[in-house]
file protein-v1.cif (mmCIF, C-alpha atoms)
data_input
loop_
_atom_site.label_atom_id
_atom_site.label_comp_id
_atom_site.auth_asym_id
_atom_site.auth_seq_id
_atom_site.Cartn_x
_atom_site.Cartn_y
_atom_site.Cartn_z
CA ALA A 1 2.81 -20.59 -86.36
CA GLN A 2 2.32 -20.71 -82.63
CA SER A 3 2.05 -17.34 -80.93
CA VAL A 4 1.03 -15.68 -77.71
CA THR A 5 -0.16 -12.08 -77.68
CA GLN A 6 -0.48 -9.72 -74.77
CA PRO A 7 -2.22 -6.67 -76.21
CA ASP A 8 -1.40 -4.32 -73.34
CA ILE A 9 2.21 -3.25 -73.00
CA HIS A 10 1.61 -1.11 -69.91
CA ILE A 11 -1.21 -0.96 -67.40
CA THR A 12 -1.44 1.49 -64.53
CA VAL A 13 -3.79 0.66 -61.70
CA SER A 14 -4.48 2.23 -58.32
CA GLU A 15 -3.69 0.24 -55.22
CA GLY A 16 -6.80 -1.61 -54.11
CA ALA A 17 -8.35 -1.57 -57.56
CA SER A 18 -8.93 -4.67 -59.66
CA LEU A 19 -6.55 -5.79 -62.39
CA GLU A 20 -7.09 -7.75 -65.57
CA LEU A 21 -4.31 -8.68 -67.98
CA ARG A 22 -5.18 -10.03 -71.39
CA CYS A 23 -3.59 -12.96 -73.18
CA ASN A 24 -4.52 -14.52 -76.50
CA TYR A 25 -2.91 -17.55 -78.05
CA SER A 26 -2.76 -19.09 -81.48
CA TYR A 27 -2.01 -22.81 -81.44
CA GLY A 28 -3.04 -25.87 -83.42
CA ALA A 29 -4.72 -27.33 -80.37
CA THR A 30 -5.40 -26.14 -76.85
CA PRO A 31 -1.97 -25.61 -75.37
CA TYR A 32 -0.88 -25.67 -71.78
CA LEU A 33 -1.13 -22.09 -70.52
CA PHE A 34 0.88 -20.27 -67.89
CA TRP A 35 1.21 -16.89 -66.26
CA TYR A 36 4.58 -15.82 -64.91
CA VAL A 37 5.55 -12.68 -62.99
CA GLN A 38 8.94 -11.00 -63.18
CA SER A 39 9.78 -8.50 -60.46
CA PRO A 40 12.49 -5.95 -61.26
CA GLY A 41 15.89 -7.57 -61.51
CA GLN A 42 14.47 -11.00 -60.80
CA GLY A 43 13.77 -14.20 -62.66
CA LEU A 44 10.31 -15.41 -63.56
CA GLN A 45 7.98 -16.95 -61.02
CA LEU A 46 5.00 -19.08 -61.95
CA LEU A 47 1.66 -17.61 -60.84
CA LEU A 48 -0.65 -20.29 -62.21
CA LYS A 49 -1.15 -22.77 -65.01
CA TYR A 50 -3.97 -24.40 -66.96
CA PHE A 51 -3.89 -27.84 -68.51
CA SER A 52 -7.48 -29.05 -68.54
CA GLY A 53 -10.63 -29.20 -66.45
CA ASP A 54 -12.02 -26.22 -64.58
CA THR A 55 -11.51 -23.17 -66.74
CA LEU A 56 -11.07 -20.87 -63.76
CA VAL A 57 -7.64 -21.42 -62.26
CA GLN A 58 -6.44 -20.14 -58.92
CA GLY A 59 -2.83 -19.18 -58.40
CA ILE A 60 -0.50 -17.69 -55.88
CA LYS A 61 -0.62 -14.13 -54.52
CA GLY A 62 -4.38 -13.92 -54.99
CA PHE A 63 -4.31 -14.20 -58.79
CA GLU A 64 -6.72 -16.19 -60.92
CA ALA A 65 -7.07 -16.76 -64.65
CA GLU A 66 -9.89 -17.87 -66.87
CA PHE A 67 -9.45 -20.01 -69.96
CA LYS A 68 -11.93 -19.30 -72.75
CA ARG A 69 -11.55 -21.66 -75.66
CA SER A 70 -13.98 -19.75 -77.87
CA GLN A 71 -11.89 -16.60 -77.55
CA SER A 72 -8.47 -18.31 -77.42
CA SER A 73 -7.84 -16.30 -74.29
CA PHE A 74 -6.35 -16.85 -70.88
CA ASN A 75 -6.79 -13.59 -68.96
CA LEU A 76 -5.26 -12.98 -65.56
CA ARG A 77 -7.17 -11.18 -62.81
CA LYS A 78 -6.71 -9.94 -59.30
CA PRO A 79 -9.58 -8.36 -57.34
CA SER A 80 -7.45 -5.92 -55.36
CA VAL A 81 -3.86 -5.08 -56.24
CA HIS A 82 -1.10 -4.31 -53.78
CA TRP A 83 1.90 -2.09 -54.41
CA SER A 84 4.03 -5.23 -54.45
CA ASP A 85 2.18 -6.44 -57.55
CA ALA A 86 4.05 -3.89 -59.67
CA ALA A 87 6.02 -6.10 -62.06
CA GLU A 88 6.16 -7.50 -65.56
CA TYR A 89 3.66 -10.27 -66.30
CA PHE A 90 4.15 -12.87 -69.00
CA CYS A 91 1.66 -15.24 -70.49
CA ALA A 92 3.12 -18.40 -72.01
CA ALA A 93 1.86 -21.42 -73.91
CA GLY A 94 3.36 -24.84 -74.40
CA LYS A 95 2.61 -28.27 -75.74
CA ALA A 96 2.36 -31.56 -73.91
CA ALA A 97 5.59 -32.86 -75.36
CA GLY A 98 8.88 -31.05 -75.36
CA ASN A 99 8.01 -28.42 -72.78
CA LYS A 100 8.91 -25.61 -75.13
CA LEU A 101 7.25 -22.41 -73.94
CA THR A 102 6.23 -19.57 -76.22
CA PHE A 103 5.98 -16.31 -74.33
CA GLY A 104 3.89 -13.23 -74.95
CA GLY A 105 5.57 -9.84 -75.05
CA GLY A 106 4.73 -9.08 -71.43
CA THR A 107 2.60 -6.46 -69.70
CA ARG A 108 4.19 -4.04 -67.29
CA VAL A 109 1.94 -3.23 -64.35
CA LEU A 110 2.42 -0.01 -62.45
CA VAL A 111 0.59 0.49 -59.16
CA LYS A 112 -0.34 4.00 -58.04
CA PRO A 113 -0.66 4.71 -54.33
CA ASP B 114 18.50 -22.32 -50.81
CA THR B 115 18.73 -21.06 -54.36
CA ALA B 116 16.92 -23.44 -56.71
CA VAL B 117 18.37 -22.21 -60.00
CA SER B 118 21.48 -20.07 -59.83
CA GLN B 119 23.44 -18.29 -62.52
CA THR B 120 26.85 -16.67 -62.56
CA PRO B 121 27.72 -14.00 -63.20
CA LYS B 122 24.76 -11.72 -62.60
CA TYR B 123 26.27 -8.98 -64.76
CA LEU B 124 28.72 -9.32 -67.62
CA VAL B 125 30.19 -6.39 -69.54
CA THR B 126 32.57 -7.15 -72.36
CA GLN B 127 33.92 -5.96 -75.68
CA MET B 128 32.82 -7.09 -79.12
CA GLY B 129 34.74 -10.09 -80.35
CA ASN B 130 35.40 -11.55 -76.92
CA ASP B 131 34.38 -15.01 -75.76
CA LYS B 132 32.42 -15.40 -72.54
CA SER B 133 30.61 -18.06 -70.55
CA ILE B 134 27.59 -18.04 -68.28
CA LYS B 135 27.12 -20.82 -65.77
CA CYS B 136 23.88 -22.29 -64.50
CA GLU B 137 23.23 -24.77 -61.74
CA GLN B 138 20.02 -26.22 -60.35
CA ASN B 139 19.69 -28.10 -57.07
CA LEU B 140 16.15 -29.31 -57.67
CA GLY B 141 17.06 -32.70 -59.07
CA HIS B 142 15.43 -31.83 -62.38
CA ASP B 143 16.15 -33.67 -65.62
CA THR B 144 15.61 -30.76 -68.01
CA MET B 145 17.32 -27.39 -68.32
CA TYR B 146 16.85 -24.43 -70.65
CA TRP B 147 18.41 -21.19 -71.81
CA TYR B 148 16.22 -18.22 -72.69
CA LYS B 149 17.17 -14.82 -74.09
CA GLN B 150 15.27 -11.70 -73.06
CA ASP B 151 15.90 -8.73 -75.30
CA SER B 152 15.69 -5.04 -74.49
CA LYS B 153 11.94 -5.06 -75.15
CA LYS B 154 11.50 -7.83 -72.59
CA PHE B 155 10.68 -10.38 -75.27
CA LEU B 156 11.59 -13.88 -74.03
CA LYS B 157 12.63 -16.57 -76.46
CA ILE B 158 13.90 -20.06 -75.84
CA MET B 159 17.38 -20.81 -77.14
CA PHE B 160 18.15 -24.35 -76.01
CA SER B 161 16.82 -27.16 -73.90
CA TYR B 162 18.64 -30.18 -72.56
CA ASN B 163 17.19 -33.34 -71.11
CA ASN B 164 19.50 -35.63 -69.16
CA LYS B 165 22.47 -33.85 -70.76
CA GLU B 166 21.09 -34.39 -74.26
CA LEU B 167 20.30 -31.43 -76.52
CA ILE B 168 16.59 -31.37 -77.31
CA ILE B 169 15.81 -27.89 -78.62
CA ASN B 170 18.09 -25.61 -80.60
CA GLU B 171 16.07 -22.67 -81.79
CA THR B 172 18.17 -21.61 -84.77
CA VAL B 173 20.62 -19.90 -82.49
CA PRO B 174 23.90 -18.86 -84.17
CA ASN B 175 26.57 -21.47 -83.70
CA ARG B 176 28.61 -18.88 -81.81
CA PHE B 177 26.43 -20.00 -78.90
CA SER B 178 27.40 -23.39 -77.56
CA PRO B 179 25.63 -24.88 -74.55
CA LYS B 180 27.38 -27.52 -72.51
CA SER B 181 25.82 -29.79 -69.93
CA PRO B 182 28.50 -31.63 -67.91
CA ASP B 183 25.80 -33.22 -65.78
CA LYS B 184 22.06 -32.94 -65.19
CA ALA B 185 22.49 -30.17 -62.63
CA HIS B 186 24.52 -27.85 -64.83
CA LEU B 187 23.96 -26.15 -68.15
CA ASN B 188 26.54 -23.59 -69.19
CA LEU B 189 26.36 -21.23 -72.13
CA HIS B 190 29.50 -20.27 -74.02
CA ILE B 191 29.40 -17.44 -76.51
CA ASN B 192 32.17 -16.86 -79.04
CA SER B 193 32.94 -13.66 -80.92
CA LEU B 194 30.40 -11.57 -79.07
CA GLU B 195 28.36 -9.07 -81.09
CA LEU B 196 26.43 -5.97 -80.07
CA GLY B 197 23.17 -7.80 -80.71
CA ASP B 198 24.02 -10.38 -78.09
CA SER B 199 23.36 -7.79 -75.39
CA ALA B 200 20.40 -9.12 -73.45
CA VAL B 201 19.40 -10.84 -70.25
CA TYR B 202 19.95 -14.59 -70.38
CA PHE B 203 17.82 -16.79 -68.17
CA CYS B 204 18.47 -20.37 -67.23
CA ALA B 205 15.52 -22.54 -66.22
CA SER B 206 14.85 -26.12 -65.24
CA SER B 207 11.89 -28.48 -65.04
CA LEU B 208 11.41 -31.90 -63.54
CA ARG B 209 10.93 -33.58 -66.90
CA LEU B 210 10.64 -32.71 -70.54
CA ALA B 211 6.88 -32.54 -70.29
CA GLY B 212 4.53 -29.66 -70.87
CA VAL B 213 2.83 -30.15 -67.52
CA ASP B 214 6.02 -29.47 -65.58
CA GLU B 215 6.63 -26.00 -64.26
CA GLN B 216 9.82 -24.30 -65.35
CA PHE B 217 11.84 -22.69 -62.56
CA PHE B 218 13.89 -19.70 -63.63
CA GLY B 219 17.20 -18.37 -62.43
CA PRO B 220 17.73 -14.67 -61.64
CA GLY B 221 19.21 -13.92 -65.04
CA THR B 222 22.57 -12.72 -66.37
CA ARG B 223 22.62 -9.26 -67.92
CA LEU B 224 25.15 -9.30 -70.76
CA THR B 225 26.30 -5.99 -72.20
CA VAL B 226 28.50 -6.02 -75.27
CA LEU B 227 30.33 -2.75 -75.96
#
call {"tool": "encode", "arguments": {"input": "protein-v1.cif", "output": "structure tokens"}}
result
Amino acid sequence: AQSVTQPDIHITVSEGASLELRCNYSYGATPYLFWYVQSPGQGLQLLLKYFSGDTLVQGIKGFEAEFKRSQSSFNLRKPSVHWSDAAEYFCAAGKAAGNKLTFGGGTRVLVKP
Amino acid sequence: DTAVSQTPKYLVTQMGNDKSIKCEQNLGHDTMYWYKQDSKKFLKIMFSYNNKELIINETVPNRFSPKSPDKAHLNLHINSLELGDSAVYFCASSLRLAGVDEQFFGPGTRLTVL
């Protein structure tokens, strides 16, 4: 069965520090991979996506993610977090056809001043 | 301009009632979706429609009936509401029914069943 796992439920990071959020997937083939952010009381916004090619993907708000096929991972990183990065982050995977996304359980990021 | 909008934002109702949530997108997209986010923030797709045609129905109870009067609208009607239906429901849309296309999400409707 297809699944996406985000091992960390909560992460607390100091403002200005680096952030890394983990995501592992289990699919029959390499899926399309996405990271979304959900701010409190808001819908989801796409940060970045990976389909093929360069395994290091740049997104909005200074985020990047690296696809590692050997580890079935697609981890999200930001070199220096801002207080406004406090939110829930979701990793998702989908197939080429059908556009059905499978989401991970989310990681809540808290930013300390 | 709001790309994907939902109404209402909050919905509080009693068990057994019937309620509807409306969704509209002004992006000109062909495909629309309903997702359910439970109290643990777990997001799961319920339905997808492409050009008003039902594509995905993820074993959702038949108390849930989506209706797409046109490509820009996908409404969700729920009959005989149960406590377990309490959740946040998100509508989304994408240009096509293709995995490469980004899904744009609405702000969500928080449904509370008492």
call {"tool": "residues_around", "arguments": {"input": "protein-v1.cif", "residues": "Phe63 of chain A", "least_positions_apart": "5", "cutoff": "9 Å", "atoms": "only C-alpha atoms", "output": "list in words"}}
result
Leu47, Leu48, Val57, Gln58, Leu76, Arg77, Lys78 and Pro79 of chain A
call {"tool": "closest_atom_pairs", "arguments": {"input": "protein-v1.cif", "of": "chain A", "to": "chain B", "cutoff": "9 Å", "atoms": "only C-alpha atoms", "output": "Markdown table"}}
result
| residue | atom | partner | partner_atom | distance |
| --- | --- | --- | --- | --- |
| A:Pro31 | CA | B:Gly212 | CA | 8.9 |
| A:Tyr32 | CA | B:Gly212 | CA | 6.8 |
| A:Phe34 | CA | B:Glu215 | CA | 8.9 |
| A:Gly41 | CA | B:Pro220 | CA | 7.3 |
| A:Gln42 | CA | B:Pro220 | CA | 5.0 |
| A:Gly43 | CA | B:Pro220 | CA | 4.1 |
| A:Leu44 | CA | B:Phe218 | CA | 5.6 |
| A:Gln45 | CA | B:Phe218 | CA | 7.0 |
| A:Leu46 | CA | B:Glu215 | CA | 7.5 |
| A:Lys49 | CA | B:Glu215 | CA | 8.5 |
| A:Tyr50 | CA | B:Val213 | CA | 8.9 |
| A:Phe51 | CA | B:Val213 | CA | 7.2 |
| A:Glu88 | CA | B:Lys154 | CA | 8.8 |
| A:Gly94 | CA | B:Gly212 | CA | 6.1 |
| A:Lys95 | CA | B:Gly212 | CA | 5.4 |
| A:Ala96 | CA | B:Gly212 | CA | 4.2 |
| A:Ala97 | CA | B:Ala211 | CA | 5.2 |
| A:Gly98 | CA | B:Leu210 | CA | 5.4 |
| A:Asn99 | CA | B:Gly212 | CA | 4.2 |
| A:Lys100 | CA | B:Gly212 | CA | 7.3 |
| A:Leu101 | CA | B:Ile158 | CA | 7.3 |
| A:Thr102 | CA | B:Lys157 | CA | 7.1 |
| A:Phe103 | CA | B:Leu156 | CA | 6.1 |
| A:Gly104 | CA | B:Phe155 | CA | 7.4 |
| A:Gly105 | CA | B:Phe155 | CA | 5.1 |
| A:Gly106 | CA | B:Lys154 | CA | 7.0 |
call {"tool": "atom_distance", "arguments": {"input": "protein-v1.cif", "atom1": "atom CA of Phe74 of chain A", "atom2": "atom CA of Gln2 of chain A"}}
result
15.1 Å
call {"tool": "resolve_selection", "arguments": {"input": "protein-v1.cif", "expression": "the PyMOL selection byres ((chain A and resi 10-16) around 10)", "output": "mmCIF file with C-alpha atoms, keeping the file's coordinate frame"}}
result
data_model
loop_
_atom_site.group_PDB
_atom_site.id
_atom_site.type_symbol
_atom_site.label_atom_id
_atom_site.label_comp_id
_atom_site.auth_asym_id
_atom_site.auth_seq_id
_atom_site.Cartn_x
_atom_site.Cartn_y
_atom_site.Cartn_z
ATOM 1 C CA PRO A 7 -2.220 -6.670 -76.210
ATOM 2 C CA ASP A 8 -1.400 -4.320 -73.340
ATOM 3 C CA ILE A 9 2.210 -3.250 -73.000
ATOM 4 C CA ALA A 17 -8.350 -1.570 -57.560
ATOM 5 C CA SER A 18 -8.930 -4.670 -59.660
ATOM 6 C CA LEU A 19 -6.550 -5.790 -62.390
ATOM 7 C CA GLU A 20 -7.090 -7.750 -65.570
ATOM 8 C CA LEU A 21 -4.310 -8.680 -67.980
ATOM 9 C CA LYS A 78 -6.710 -9.940 -59.300
ATOM 10 C CA PRO A 79 -9.580 -8.360 -57.340
ATOM 11 C CA SER A 80 -7.450 -5.920 -55.360
ATOM 12 C CA VAL A 81 -3.860 -5.080 -56.240
ATOM 13 C CA HIS A 82 -1.100 -4.310 -53.780
ATOM 14 C CA TRP A 83 1.900 -2.090 -54.410
ATOM 15 C CA SER A 84 4.030 -5.230 -54.450
ATOM 16 C CA ASP A 85 2.180 -6.440 -57.550
ATOM 17 C CA ALA A 86 4.050 -3.890 -59.670
ATOM 18 C CA GLU A 88 6.160 -7.500 -65.560
ATOM 19 C CA GLY A 106 4.730 -9.080 -71.430
ATOM 20 C CA THR A 107 2.600 -6.460 -69.700
ATOM 21 C CA ARG A 108 4.190 -4.040 -67.290
ATOM 22 C CA VAL A 109 1.940 -3.230 -64.350
ATOM 23 C CA LEU A 110 2.420 -0.010 -62.450
ATOM 24 C CA VAL A 111 0.590 0.490 -59.160
ATOM 25 C CA LYS A 112 -0.340 4.000 -58.040
ATOM 26 C CA PRO A 113 -0.660 4.710 -54.330
#
call {"tool": "resolve_selection", "arguments": {"input": "protein-v1.cif", "expression": "the PyMOL selection byres ((chain B and resi 186) around 9)", "output": "list in words"}}
result
Lys135, Cys136, Glu137, Gln138, Met145, Lys165, Lys180, Ser181, Pro182, Asp183, Lys184, Ala185, Leu187 and Asn188 of chain B
call {"tool": "write_last_selection", "arguments": {"input": "protein-v1.cif", "atoms": "C-alpha atoms", "output": "short mmCIF file (atom, residue, chain, number, x, y, z; two decimals), in the frame of the given file"}}
result
data_model
loop_
_atom_site.label_atom_id
_atom_site.label_comp_id
_atom_site.auth_asym_id
_atom_site.auth_seq_id
_atom_site.Cartn_x
_atom_site.Cartn_y
_atom_site.Cartn_z
CA LYS B 135 27.12 -20.82 -65.77
CA CYS B 136 23.88 -22.29 -64.50
CA GLU B 137 23.23 -24.77 -61.74
CA GLN B 138 20.02 -26.22 -60.35
CA MET B 145 17.32 -27.39 -68.32
CA LYS B 165 22.47 -33.85 -70.76
CA LYS B 180 27.38 -27.52 -72.51
CA SER B 181 25.82 -29.79 -69.93
CA PRO B 182 28.50 -31.63 -67.91
CA ASP B 183 25.80 -33.22 -65.78
CA LYS B 184 22.06 -32.94 -65.19
CA ALA B 185 22.49 -30.17 -62.63
CA LEU B 187 23.96 -26.15 -68.15
CA ASN B 188 26.54 -23.59 -69.19
#
call {"tool": "residues_around", "arguments": {"input": "protein-v1.cif", "residues": "segment 124-130 of chain B", "least_positions_apart": "5", "cutoff": "6 Å", "atoms": "all atoms listed in the file", "output": "number ranges by chain"}}
result
B: 193-195, 224-227
call {"tool": "residues_near_point", "arguments": {"input": "protein-v1.cif", "point": "(12.6, -34.8, -62.7)", "cutoff": "6 Å", "atoms": "only C-alpha atoms", "output": "list in words"}}
result
His142, Asp143, Leu208 and Arg209 of chain B
call {"tool": "atom_distance", "arguments": {"input": "protein-v1.cif", "atom1": "atom CA of Ala87 of chain A", "atom2": "atom CA of Gly62 of chain A"}}
result
14.8 Å
call {"tool": "atom_distance", "arguments": {"input": "protein-v1.cif", "atom1": "atom CA of Ser26 of chain A", "atom2": "atom CA of Lys68 of chain A"}}
result
12.7 Å
call {"tool": "axis_aligned_box", "arguments": {"input": "protein-v1.cif", "around": "segment 63-73 of chain A", "padding_each_side": "3 Å", "output": "AutoDock Vina command-line options"}}
result
--center_x -9.1 --center_y -17.9 --center_z -68.3 --size_x 15.7 --size_y 13.5 --size_z 25.1
call {"tool": "decode", "arguments": {"input": "protein-v1.cif", "residues": "segment 86-112 of chain A", "atoms": "N, CA, C and O atoms", "output": "compact mmCIF listing (two decimals), in the first residue's frame"}}
result
# COMPACT_ATOMS: atom_id res chain seq x y z
N ALA A 86 6.39 29.18 11.69
CA ALA A 86 5.64 28.32 12.61
C ALA A 86 4.34 27.91 11.93
O ALA A 86 3.51 28.75 11.56
N ALA A 87 4.17 26.61 11.74
CA ALA A 87 3.02 26.10 10.97
C ALA A 87 3.07 24.58 11.01
O ALA A 87 3.95 23.98 11.61
N GLU A 88 2.11 23.99 10.32
CA GLU A 88 2.08 22.54 10.13
C GLU A 88 2.57 22.26 8.71
O GLU A 88 2.15 22.92 7.77
N TYR A 89 3.46 21.29 8.58
CA TYR A 89 4.05 20.98 7.28
C TYR A 89 3.66 19.55 6.89
O TYR A 89 3.78 18.62 7.68
N PHE A 90 3.21 19.42 5.65
CA PHE A 90 2.76 18.12 5.16
C PHE A 90 3.57 17.71 3.94
O PHE A 90 3.72 18.50 2.99
N CYS A 91 4.03 16.50 3.97
CA CYS A 91 4.64 15.88 2.80
C CYS A 91 3.55 15.07 2.11
O CYS A 91 2.69 14.48 2.77
N ALA A 92 3.57 15.04 0.79
CA ALA A 92 2.56 14.29 0.06
C ALA A 92 3.19 13.64 -1.15
O ALA A 92 4.19 14.12 -1.70
N ALA A 93 2.60 12.54 -1.58
CA ALA A 93 3.07 11.81 -2.75
C ALA A 93 1.89 11.51 -3.65
O ALA A 93 0.78 11.28 -3.18
N GLY A 94 2.15 11.49 -4.94
CA GLY A 94 1.09 11.20 -5.90
C GLY A 94 1.66 10.50 -7.11
O GLY A 94 2.88 10.45 -7.32
N LYS A 95 0.77 9.99 -7.93
CA LYS A 95 1.17 9.31 -9.16
C LYS A 95 0.94 10.23 -10.35
O LYS A 95 0.23 11.23 -10.25
N ALA A 96 1.47 9.81 -11.48
CA ALA A 96 1.34 10.62 -12.68
C ALA A 96 -0.12 10.76 -13.10
O ALA A 96 -0.58 11.80 -13.51
N ALA A 97 -0.85 9.66 -12.99
CA ALA A 97 -2.23 9.68 -13.44
C ALA A 97 -3.16 9.76 -12.24
O ALA A 97 -2.92 9.13 -11.22
N GLY A 98 -4.20 10.53 -12.38
CA GLY A 98 -5.22 10.55 -11.35
C GLY A 98 -5.05 11.65 -10.32
O GLY A 98 -6.01 12.03 -9.68
N ASN A 99 -3.84 12.12 -10.12
CA ASN A 99 -3.59 13.23 -9.22
C ASN A 99 -4.16 13.00 -7.83
O ASN A 99 -4.67 13.91 -7.19
N LYS A 100 -4.09 11.77 -7.37
CA LYS A 100 -4.54 11.47 -6.01
C LYS A 100 -3.34 11.59 -5.09
O LYS A 100 -2.36 10.87 -5.24
N LEU A 101 -3.42 12.50 -4.13
CA LEU A 101 -2.32 12.71 -3.20
C LEU A 101 -2.51 11.88 -1.94
O LEU A 101 -3.61 11.81 -1.40
N THR A 102 -1.41 11.30 -1.48
CA THR A 102 -1.38 10.65 -0.17
C THR A 102 -0.52 11.52 0.72
O THR A 102 0.64 11.79 0.40
N PHE A 103 -1.09 11.94 1.85
CA PHE A 103 -0.40 12.86 2.74
C PHE A 103 0.23 12.12 3.91
O PHE A 103 -0.30 11.11 4.40
N GLY A 104 1.35 12.66 4.39
CA GLY A 104 1.90 12.24 5.67
C GLY A 104 1.08 12.85 6.79
O GLY A 104 0.18 13.65 6.57
N GLY A 105 1.42 12.46 8.02
CA GLY A 105 0.66 12.90 9.17
C GLY A 105 0.93 14.34 9.59
O GLY A 105 0.25 14.87 10.47
N GLY A 106 1.92 14.96 8.99
CA GLY A 106 2.22 16.35 9.31
C GLY A 106 3.25 16.49 10.41
O GLY A 106 3.39 15.61 11.27
N THR A 107 4.00 17.58 10.37
CA THR A 107 4.93 17.95 11.42
C THR A 107 4.63 19.38 11.83
O THR A 107 4.62 20.28 10.98
N ARG A 108 4.37 19.56 13.10
CA ARG A 108 4.11 20.91 13.60
C ARG A 108 5.43 21.55 14.00
O ARG A 108 6.19 20.98 14.79
N VAL A 109 5.70 22.72 13.45
CA VAL A 109 6.94 23.43 13.75
C VAL A 109 6.63 24.62 14.65
O VAL A 109 5.79 25.46 14.31
N LEU A 110 7.30 24.66 15.77
CA LEU A 110 7.21 25.79 16.69
C LEU A 110 8.52 26.55 16.64
O LEU A 110 9.59 25.93 16.64
N VAL A 111 8.44 27.87 16.60
CA VAL A 111 9.65 28.69 16.52
C VAL A 111 9.79 29.50 17.80
O VAL A 111 8.90 30.29 18.16
N LYS A 112 10.90 29.29 18.48
CA LYS A 112 11.19 30.04 19.71
C LYS A 112 11.91 31.34 19.37
O LYS A 112 12.75 31.36 18.48
